[in-house]
Amino acid sequence: MITAFILLSIFFTVFSAPDFSQTLPATVNQGEWHLLHASIGISAMHMQLLWNNKVVIFDRTDFGPSNLSLPPHLCRHDPRDHALQTDCTAHSLLYCVDTNTFRPLKVQTDTWCSSGSVLPNGTLTQTGGFNDGDHVLRMFTPCDDYSCDWVEFPGYLSQRRWYASNQILPDGRIIIVGGRRQFNYEFYPRSSRGSNLYTLDFLRETRDAHENNLYPFLHLLPDGNLFIFANTRSISLDYKRNRVVQEFPPITGGEPRNYPSSGSSVLLPINETQAIEAEVLVCGGAPPGAVSQALRGNFVSASLTCGRLKVTDENPNWVMEEMPVARVMGDMLLLPTGDVIIINGARLGAAGWEYGRSPVTNPVIYLPFGDVNRRFLVMSGSIRPRMYHSSAVLLPDGRILVGGSNPHVYYNFTNVLYPTDLSLEAYSPPYTSQAFSSLRPHILSLDENLRYGQSFSIVFNVCEYTNDRVLSANIVAPSFTTHTVAMNQRMVVLRVESVMQEAGNTYRLSVVGPSTPEIAPPGYYMLFVVHSGIPSHGSWVKIH
C-alpha cells in the first residue's frame, strides 16, 4: 500500500535515471490480437498517426480498382495511370482510432513506395512515389470534420523520389534522402537561396547488384547531424554543409539491412536524466544474394542478428545480438516503456513481389536496458501473415495498429500462397492487460504546449504507487511507417524534477521539457507517464 504522506519530495530532489532494466511482472502474458476490420478496402502499405488520433493509410494507385469506393463525383481521372485512367475507388483512407471507423480519401497521383514526415503544425507532408507521382509533394492537414483531403503539388521535388526516406529537422524543415538511383538529398521547403539538391556519394557507394541502399535509415542525432545507414555502412552527415563528419564501422557480419534486404532500425530512447547518448539499433535483413536466390525459387534464411552502435562513443563499434528467430521485412517500433517491438515479416527470402516465405507472425519485444541474456521476449502470434507491403504504428493507448501485406503486382485474393490482405488489426502488448490496472497511471491534466528547457506539470493518479525509481515521463514522436522503415519516430525520457502527492492517489509531476530541438524536433508528440513498467494512455503535447 502507499504510505500516507503528502509530500514525496519535499526538497524537489532531481530524479535519478529511471530503472529501465526492470521488466514487467513475471505473471505477464504474451499480449493479445484483435481484429478491427476484416477489410478496409485497401492494403495498408503506408501509415501515419496524426495528433487528432486519426491515421492516414494509403497504398498505390497503379494496380486497378480497390475495394473502397470514392464518394460520388470524386472519381480520379489520370491519363498517365498504368492501370485505370478513370478510377472511382479510393487508394487512401482516414482511420479514426477513437471510433474504429474510416472514410475514403482521394489521392490523385501514384504514392507507391513513397515517404513522409509531419510538419511542426501537424500537417502530414508526403513525398514522391512512382510514375506520375515520383516528383509530387502531397499534404494532408487534419480537420474536425470531413472536409480535409489530400492536396497535391506536382513537380515540386527536384528529383524522382521512389524508395526515399524523410526526417524532420530541428528547424522544422524535412530532409528527403535518396530513392532509386538517386544519390542525393533535398529539403522541404525549398531553400530561397541557391540549389535545393545536394550530392551524397555515400548512397552511390552503398548500392550493390540488388541495390540494398533504398529506404536508408535516418536518425537525427543530438548534435544535430544526421545518422544515415545504407546496406551495411553508416555515416554522420552534416547536412547544413553537405559534409560527412564521420563514417562508422560496417555492421558486423556483412549482411545488407536496407531494401530489398529490408531490416529495420530505431534510435533508442534519448535519456535527458543522464549524460546524453545516442544509440542506434538495427535488426534483421537478408544475406547478400537473397534476391537473386529468390528469383530462382531458393528462399534463404533472413538475418538472425541485431546490431547496436553507440554513436556518441569516442570509438563506436557494433555490438551484436541474436533474435529468437530470423526476420526480414519486420517493422520495429518504440514502445512507451522504452522497449522495442519487432513485428510482421518473414523468416526466408527478401522484400519484393513473391520474394518472401515462412511468415513470422509472433512479435518480439526487445528490452534494450535489460539483462544482456534475456532481452528478447516472444509474444503471441497473429493468424494473419504480414509480408511485403505491410506496416505498423504505435497508438496513444499503447496498442500497435497493424495492416497491409500484398506481395503481388496486383490485388490477388485466390490461388496464391499469401493473398492480398485488406484487414486492420491491433496488437495489445502485455502492459495493456487489466492485470496491471492498479499500477497504471492515468493522466488527469498537463500543459499541452511545451517549451524547450522549461518546467511543466503533469497531474496523474495511480492506485498503487511504488517508488520514483520506476516512474518516468516519456515523449514519443509518431512514425511514418512503410517498407519496414518507421521514419521520424523517436523517444525522449524527460527529466523529472519532483513528484508530490496531492490527495489520495493523485500526484503532480514537475517535468522539464526537452533541452533542444536537436533532442526533440518541434511538433506533436505522445506523452506517456510510465510507472513500474506500465504506461498511461498517451496525451498529445506540442513542442515549440
# chains A, B, ... in the order shown; residues from 1 in each chain; ligands from 1

$ residues_around --residues "Gly523 in chain A" --least-positions-apart "3" --cutoff "8 Å" --atoms "only C-alpha atoms" --output "PyMOL selection string"
chain A and resi 118-122+542-544

$ write_last_selection --atoms "N, CA and C atoms" --output "PDB file, in the first residue's frame"
ATOM      1  N   VAL A 118       5.737  14.572 -40.622  1.00  0.00           N
ATOM      2  CA  VAL A 118       4.725  15.503 -40.148  1.00  0.00           C
ATOM      3  C   VAL A 118       5.414  16.816 -39.768  1.00  0.00           C
ATOM      4  N   LEU A 119       4.917  17.910 -40.317  1.00  0.00           N
ATOM      5  CA  LEU A 119       5.464  19.229 -40.011  1.00  0.00           C
ATOM      6  C   LEU A 119       5.133  19.624 -38.572  1.00  0.00           C
ATOM      7  N   PRO A 120       5.826  20.609 -38.019  1.00  0.00           N
ATOM      8  CA  PRO A 120       5.531  21.039 -36.645  1.00  0.00           C
ATOM      9  C   PRO A 120       4.090  21.463 -36.422  1.00  0.00           C
ATOM     10  N   ASN A 121       3.390  21.915 -37.477  1.00  0.00           N
ATOM     11  CA  ASN A 121       1.983  22.320 -37.314  1.00  0.00           C
ATOM     12  C   ASN A 121       1.015  21.150 -37.396  1.00  0.00           C
ATOM     13  N   GLY A 122       1.517  19.924 -37.576  1.00  0.00           N
ATOM     14  CA  GLY A 122       0.665  18.745 -37.605  1.00  0.00           C
ATOM     15  C   GLY A 122       0.253  18.288 -38.984  1.00  0.00           C
ATOM     16  N   LYS A 542       2.449  19.533 -27.769  1.00  0.00           N
ATOM     17  CA  LYS A 542       3.118  20.185 -28.890  1.00  0.00           C
ATOM     18  C   LYS A 542       4.344  20.912 -28.365  1.00  0.00           C
ATOM     19  N   ILE A 543       5.482  20.603 -28.966  1.00  0.00           N
ATOM     20  CA  ILE A 543       6.746  21.213 -28.547  1.00  0.00           C
ATOM     21  C   ILE A 543       7.063  22.368 -29.486  1.00  0.00           C
ATOM     22  N   HIS A 544       7.335  23.524 -28.873  1.00  0.00           N
ATOM     23  CA  HIS A 544       7.633  24.740 -29.639  1.00  0.00           C
ATOM     24  C   HIS A 544       9.112  25.082 -29.472  1.00  0.00           C
TER      25      HIS A 544
END

$ residues_around --residues "His537 in chain A" --least-positions-apart "4" --cutoff "7 Å" --atoms "only C-alpha atoms" --output "list in words"
Pro396, Asp397, Gly398, His442 and Phe528 of chain A

$ closest_residue --among "A:Ile57, A:His37, A:Asn52, A:Thr481" --to "Ser165 in chain A" --atoms "only C-alpha atoms"
A:Thr481

$ residues_around --residues "Arg327 in chain A" --least-positions-apart "3" --cutoff "8 Å" --atoms "only C-alpha atoms" --output "list in words"
Gly263, Gly284, Gly285, Ala302, Ser303, Leu304, Gly330, Gly345, Ala346, Arg347, Leu348 and Val360 of chain A

$ write_last_selection --atoms "N, CA and C atoms" --output "PDB file, in the first residue's frame"
ATOM      1  N   GLY A 263      15.849  -4.907 -43.379  1.00  0.00           N
ATOM      2  CA  GLY A 263      15.775  -4.957 -41.929  1.00  0.00           C
ATOM      3  C   GLY A 263      15.054  -3.709 -41.444  1.00  0.00           C
ATOM      4  N   GLY A 284      17.512  -7.529 -38.174  1.00  0.00           N
ATOM      5  CA  GLY A 284      17.005  -8.252 -39.330  1.00  0.00           C
ATOM      6  C   GLY A 284      17.647  -7.811 -40.626  1.00  0.00           C
ATOM      7  N   GLY A 285      17.141  -8.343 -41.711  1.00  0.00           N
ATOM      8  CA  GLY A 285      17.697  -8.107 -43.036  1.00  0.00           C
ATOM      9  C   GLY A 285      17.816  -9.432 -43.774  1.00  0.00           C
ATOM     10  N   ALA A 302      16.667 -15.403 -43.542  1.00  0.00           N
ATOM     11  CA  ALA A 302      16.901 -13.992 -43.258  1.00  0.00           C
ATOM     12  C   ALA A 302      17.954 -13.846 -42.167  1.00  0.00           C
ATOM     13  N   SER A 303      18.314 -12.610 -41.880  1.00  0.00           N
ATOM     14  CA  SER A 303      19.304 -12.348 -40.836  1.00  0.00           C
ATOM     15  C   SER A 303      18.716 -12.642 -39.459  1.00  0.00           C
ATOM     16  N   LEU A 304      19.558 -13.204 -38.605  1.00  0.00           N
ATOM     17  CA  LEU A 304      19.168 -13.524 -37.234  1.00  0.00           C
ATOM     18  C   LEU A 304      19.640 -12.456 -36.250  1.00  0.00           C
ATOM     19  N   GLY A 330      10.555  -6.957 -41.186  1.00  0.00           N
ATOM     20  CA  GLY A 330       9.949  -6.679 -39.893  1.00  0.00           C
ATOM     21  C   GLY A 330       9.871  -5.187 -39.624  1.00  0.00           C
ATOM     22  N   GLY A 345       6.657  -9.536 -41.021  1.00  0.00           N
ATOM     23  CA  GLY A 345       7.820 -10.027 -41.746  1.00  0.00           C
ATOM     24  C   GLY A 345       7.854 -11.518 -41.991  1.00  0.00           C
ATOM     25  N   ALA A 346       9.013 -11.971 -42.474  1.00  0.00           N
ATOM     26  CA  ALA A 346       9.185 -13.363 -42.904  1.00  0.00           C
ATOM     27  C   ALA A 346      10.535 -13.894 -42.426  1.00  0.00           C
ATOM     28  N   ARG A 347      10.642 -15.210 -42.409  1.00  0.00           N
ATOM     29  CA  ARG A 347      11.879 -15.879 -41.975  1.00  0.00           C
ATOM     30  C   ARG A 347      12.802 -16.180 -43.146  1.00  0.00           C
ATOM     31  N   LEU A 348      12.233 -16.223 -44.352  1.00  0.00           N
ATOM     32  CA  LEU A 348      13.013 -16.588 -45.532  1.00  0.00           C
ATOM     33  C   LEU A 348      12.817 -15.558 -46.639  1.00  0.00           C
ATOM     34  N   VAL A 360       6.650 -14.698 -40.194  1.00  0.00           N
ATOM     35  CA  VAL A 360       6.891 -14.646 -38.747  1.00  0.00           C
ATOM     36  C   VAL A 360       5.726 -13.867 -38.145  1.00  0.00           C
TER      37      VAL A 360
END

$ residues_around --residues "Tyr185 in chain A" --least-positions-apart "3" --cutoff "8 Å" --atoms "only C-alpha atoms" --output "PyMOL selection string"
chain A and resi 175-178+197-200

$ residues_around --residues "range 65-67 of chain A" --least-positions-apart "4" --cutoff "10 Å" --atoms "only C-alpha atoms" --output "list in words"
Ser39, Ile40, Gly41, Ile42, Ser43, Asp59, Arg60, Thr61, Ala83, Leu84, Thr86, Asp87, Cys88, Thr89, Ala90, His91, Ser92, Tyr410, Tyr411 and Leu422 of chain A

$ select_by_dssp --residues "range 178-329 of chain A" --states "strand (DSSP E or B)" --output "PyMOL selection string"
chain A and resi 184-188+197-199+208+211+214+217-220+226-230+233-238+243-247+259+264-267+270-271+279-283+301+305-310+318-322+328

$ atom_distance --atom1 "CA of Ile343 in chain A" --atom2 "CA of Leu394 in chain A"
11.5 Å

$ closest_residue --among "A:Thr252, A:Thr206, A:Ser433, A:Asn467" --to "Arg308 in chain A" --atoms "only C-alpha atoms"
A:Thr252

$ residues_around --residues "Leu157 in chain A" --least-positions-apart "2" --cutoff "8 Å" --atoms "only C-alpha atoms" --output "ChimeraX atom specification"
/A:127-128,135-137,155,159-161

$ residues_around --residues "Met487 in chain A" --least-positions-apart "2" --cutoff "8 Å" --atoms "only C-alpha atoms" --output "PyMOL selection string"
chain A and resi 116-117+165-167+217-218+479-481+485+489

$ closest_residue --among "A:Ser390, A:Thr337, A:Thr506, A:Asn412" --to "Leu367 in chain A" --atoms "only C-alpha atoms"
A:Thr337

$ select_by_dssp --residues "range 286-354 of chain A" --states "alpha helix (DSSP H)" --output "PDB file with all heavy atoms, in the first residue's frame"
ATOM      1  N   ALA A 290      20.313 -12.659 -51.522  1.00  0.00           N
ATOM      2  CA  ALA A 290      18.992 -13.207 -51.176  1.00  0.00           C
ATOM      3  C   ALA A 290      17.979 -12.974 -52.283  1.00  0.00           C
ATOM      4  O   ALA A 290      17.136 -13.837 -52.565  1.00  0.00           O
ATOM      5  CB  ALA A 290      18.505 -12.605 -49.864  1.00  0.00           C
ATOM      6  N   VAL A 291      18.059 -11.824 -52.946  1.00  0.00           N
ATOM      7  CA  VAL A 291      17.103 -11.520 -54.016  1.00  0.00           C
ATOM      8  C   VAL A 291      17.338 -12.420 -55.223  1.00  0.00           C
ATOM      9  O   VAL A 291      16.387 -13.000 -55.783  1.00  0.00           O
ATOM     10  CB  VAL A 291      17.198 -10.036 -54.415  1.00  0.00           C
ATOM     11  CG1 VAL A 291      16.379  -9.769 -55.666  1.00  0.00           C
ATOM     12  CG2 VAL A 291      16.722  -9.154 -53.281  1.00  0.00           C
ATOM     13  N   SER A 292      18.582 -12.568 -55.642  1.00  0.00           N
ATOM     14  CA  SER A 292      18.863 -13.423 -56.808  1.00  0.00           C
ATOM     15  C   SER A 292      18.502 -14.875 -56.507  1.00  0.00           C
ATOM     16  O   SER A 292      18.030 -15.602 -57.384  1.00  0.00           O
ATOM     17  CB  SER A 292      20.339 -13.304 -57.203  1.00  0.00           C
ATOM     18  OG  SER A 292      21.192 -13.662 -56.134  1.00  0.00           O
ATOM     19  N   GLN A 293      18.697 -15.305 -55.274  1.00  0.00           N
ATOM     20  CA  GLN A 293      18.283 -16.664 -54.888  1.00  0.00           C
ATOM     21  C   GLN A 293      16.763 -16.796 -54.954  1.00  0.00           C
ATOM     22  O   GLN A 293      16.239 -17.809 -55.450  1.00  0.00           O
ATOM     23  CB  GLN A 293      18.772 -16.971 -53.480  1.00  0.00           C
ATOM     24  CG  GLN A 293      20.280 -17.145 -53.351  1.00  0.00           C
ATOM     25  CD  GLN A 293      20.764 -18.454 -53.954  1.00  0.00           C
ATOM     26  OE1 GLN A 293      20.056 -19.459 -53.959  1.00  0.00           O
ATOM     27  NE2 GLN A 293      21.976 -18.438 -54.489  1.00  0.00           N
ATOM     28  N   ALA A 294      16.035 -15.799 -54.476  1.00  0.00           N
ATOM     29  CA  ALA A 294      14.572 -15.852 -54.503  1.00  0.00           C
ATOM     30  C   ALA A 294      14.044 -15.879 -55.931  1.00  0.00           C
ATOM     31  O   ALA A 294      13.041 -16.542 -56.228  1.00  0.00           O
ATOM     32  CB  ALA A 294      14.003 -14.655 -53.742  1.00  0.00           C
ATOM     33  N   LEU A 295      14.722 -15.182 -56.827  1.00  0.00           N
ATOM     34  CA  LEU A 295      14.316 -15.200 -58.240  1.00  0.00           C
ATOM     35  C   LEU A 295      14.407 -16.598 -58.826  1.00  0.00           C
ATOM     36  O   LEU A 295      13.692 -16.936 -59.768  1.00  0.00           O
ATOM     37  CB  LEU A 295      15.197 -14.235 -59.037  1.00  0.00           C
ATOM     38  CG  LEU A 295      14.889 -12.746 -58.860  1.00  0.00           C
ATOM     39  CD1 LEU A 295      16.005 -11.888 -59.456  1.00  0.00           C
ATOM     40  CD2 LEU A 295      13.553 -12.392 -59.510  1.00  0.00           C
TER      41      LEU A 295
END

$ decode --residues "range 203-218 of chain A" --atoms "all heavy atoms" --output "CSV table (one decimal), in the first residue's frame"
chain,number,residue,atom,x,y,z
A,203,LEU,N,25.5,7.2,-50.9
A,203,LEU,CA,24.4,6.4,-51.5
A,203,LEU,C,24.9,5.7,-52.7
A,203,LEU,O,24.4,4.5,-53.0
A,203,LEU,CB,23.2,7.3,-51.8
A,203,LEU,CG,22.5,7.9,-50.5
A,203,LEU,CD1,21.4,8.8,-50.9
A,203,LEU,CD2,22.0,6.8,-49.6
A,204,ARG,N,25.7,6.3,-53.5
A,204,ARG,CA,26.2,5.6,-54.7
A,204,ARG,C,27.1,4.4,-54.3
A,204,ARG,O,27.1,3.3,-54.9
A,204,ARG,CB,27.0,6.6,-55.6
A,204,ARG,CG,27.4,6.0,-57.0
A,204,ARG,CD,28.2,7.0,-57.8
A,204,ARG,NE,27.6,8.3,-57.9
A,204,ARG,CZ,26.7,8.6,-58.8
A,204,ARG,NH1,26.4,7.7,-59.7
A,204,ARG,NH2,26.2,9.8,-58.9
A,205,GLU,N,28.0,4.7,-53.3
A,205,GLU,CA,28.9,3.7,-52.9
A,205,GLU,C,28.3,2.5,-52.2
A,205,GLU,O,28.8,1.4,-52.2
A,205,GLU,CB,29.9,4.3,-51.8
A,205,GLU,CG,30.7,5.4,-52.4
A,205,GLU,CD,31.4,6.3,-51.4
A,205,GLU,OE1,31.2,5.9,-50.2
A,205,GLU,OE2,32.1,7.3,-51.7
A,206,THR,N,27.1,2.7,-51.6
A,206,THR,CA,26.4,1.6,-50.9
A,206,THR,C,25.4,0.8,-51.8
A,206,THR,O,24.7,-0.1,-51.3
A,206,THR,CB,25.7,2.1,-49.7
A,206,THR,OG1,24.8,3.2,-50.1
A,206,THR,CG2,26.7,2.6,-48.6
A,207,ARG,N,25.3,1.2,-53.1
A,207,ARG,CA,24.4,0.4,-54.0
A,207,ARG,C,25.2,-0.8,-54.5
A,207,ARG,O,26.3,-0.6,-55.1
A,207,ARG,CB,24.0,1.4,-55.1
A,207,ARG,CG,23.0,0.7,-56.1
A,207,ARG,CD,22.5,1.7,-57.1
A,207,ARG,NE,21.5,1.3,-58.0
A,207,ARG,CZ,21.6,0.7,-59.2
A,207,ARG,NH1,22.9,0.5,-59.7
A,207,ARG,NH2,20.6,0.3,-59.9
A,208,ASP,N,24.6,-2.0,-54.4
A,208,ASP,CA,25.2,-3.2,-55.0
A,208,ASP,C,24.4,-3.7,-56.1
A,208,ASP,O,23.5,-3.0,-56.6
A,208,ASP,CB,25.4,-4.2,-53.9
A,208,ASP,CG,24.1,-4.7,-53.2
A,208,ASP,OD1,23.1,-4.6,-53.8
A,208,ASP,OD2,24.2,-5.2,-52.0
A,209,ALA,N,24.6,-4.9,-56.5
A,209,ALA,CA,23.9,-5.5,-57.6
A,209,ALA,C,22.4,-5.6,-57.5
A,209,ALA,O,21.6,-5.6,-58.4
A,209,ALA,CB,24.4,-6.9,-57.9
A,210,HIS,N,21.9,-5.6,-56.2
A,210,HIS,CA,20.5,-5.7,-55.9
A,210,HIS,C,20.1,-4.4,-55.1
A,210,HIS,O,19.1,-4.5,-54.4
A,210,HIS,CB,20.1,-6.9,-55.2
A,210,HIS,CG,20.3,-8.2,-56.0
A,210,HIS,ND1,19.5,-8.5,-57.1
A,210,HIS,CD2,21.3,-9.1,-56.0
A,210,HIS,CE1,19.9,-9.6,-57.6
A,210,HIS,NE2,21.0,-10.0,-57.0
A,211,GLU,N,20.8,-3.4,-55.3
A,211,GLU,CA,20.6,-2.1,-54.6
A,211,GLU,C,20.9,-2.2,-53.1
A,211,GLU,O,22.0,-1.8,-52.7
A,211,GLU,CB,19.2,-1.5,-54.9
A,211,GLU,CG,19.0,-1.3,-56.4
A,211,GLU,CD,17.6,-0.8,-56.8
A,211,GLU,OE1,16.6,-1.5,-56.4
A,211,GLU,OE2,17.5,0.3,-57.4
A,212,ASN,N,20.0,-2.6,-52.3
A,212,ASN,CA,20.2,-2.7,-50.9
A,212,ASN,C,20.6,-1.4,-50.2
A,212,ASN,O,21.1,-1.4,-49.0
A,212,ASN,CB,21.2,-3.8,-50.6
A,212,ASN,CG,20.7,-5.2,-50.7
A,212,ASN,OD1,19.5,-5.5,-50.4
A,212,ASN,ND2,21.5,-6.1,-51.3
A,213,ASN,N,20.3,-0.3,-50.8
A,213,ASN,CA,20.5,1.0,-50.2
A,213,ASN,C,19.3,1.9,-50.3
A,213,ASN,O,19.3,3.1,-50.0
A,213,ASN,CB,21.7,1.7,-50.9
A,213,ASN,CG,21.4,2.2,-52.3
A,213,ASN,OD1,20.5,1.6,-52.9
A,213,ASN,ND2,22.1,3.1,-52.8
A,214,LEU,N,18.1,1.3,-50.7
A,214,LEU,CA,16.9,2.0,-50.7
A,214,LEU,C,16.2,2.1,-49.4
A,214,LEU,O,16.5,1.3,-48.5
A,214,LEU,CB,16.0,1.4,-51.8
A,214,LEU,CG,16.5,1.2,-53.2
A,214,LEU,CD1,15.5,0.6,-54.1
A,214,LEU,CD2,17.0,2.6,-53.7
A,215,TYR,N,15.4,3.1,-49.2
A,215,TYR,CA,14.8,3.4,-47.9
A,215,TYR,C,15.9,3.4,-46.8
A,215,TYR,O,15.9,2.6,-45.9
A,215,TYR,CB,13.7,2.5,-47.5
A,215,TYR,CG,12.4,2.8,-48.1
A,215,TYR,CD1,11.7,1.9,-48.8
A,215,TYR,CD2,11.8,4.1,-48.0
A,215,TYR,CE1,10.4,2.2,-49.4
A,215,TYR,CE2,10.6,4.4,-48.5
A,215,TYR,CZ,9.9,3.4,-49.2
A,215,TYR,OH,8.6,3.7,-49.7
A,216,PRO,N,17.0,4.3,-47.0
A,216,PRO,CA,18.0,4.3,-46.0
A,216,PRO,C,17.4,4.7,-44.6
A,216,PRO,O,16.4,5.4,-44.5
A,216,PRO,CB,19.0,5.4,-46.5
A,216,PRO,CG,18.1,6.3,-47.4
A,216,PRO,CD,17.1,5.3,-48.0
A,217,PHE,N,18.1,4.2,-43.5
A,217,PHE,CA,17.6,4.5,-42.2
A,217,PHE,C,18.2,5.9,-41.8
A,217,PHE,O,19.4,6.1,-41.9
A,217,PHE,CB,18.1,3.5,-41.2
A,217,PHE,CG,17.7,2.1,-41.5
A,217,PHE,CD1,18.6,1.0,-41.2
A,217,PHE,CD2,16.5,1.7,-42.1
A,217,PHE,CE1,18.3,-0.3,-41.5
A,217,PHE,CE2,16.1,0.4,-42.3
A,217,PHE,CZ,17.0,-0.6,-42.1
A,218,LEU,N,17.3,6.8,-41.4
A,218,LEU,CA,17.7,8.1,-41.0
A,218,LEU,C,17.4,8.3,-39.5
A,218,LEU,O,16.3,8.0,-39.1
A,218,LEU,CB,17.0,9.2,-41.8
A,218,LEU,CG,17.1,9.1,-43.3
A,218,LEU,CD1,16.3,10.3,-43.9
A,218,LEU,CD2,18.5,9.0,-43.8
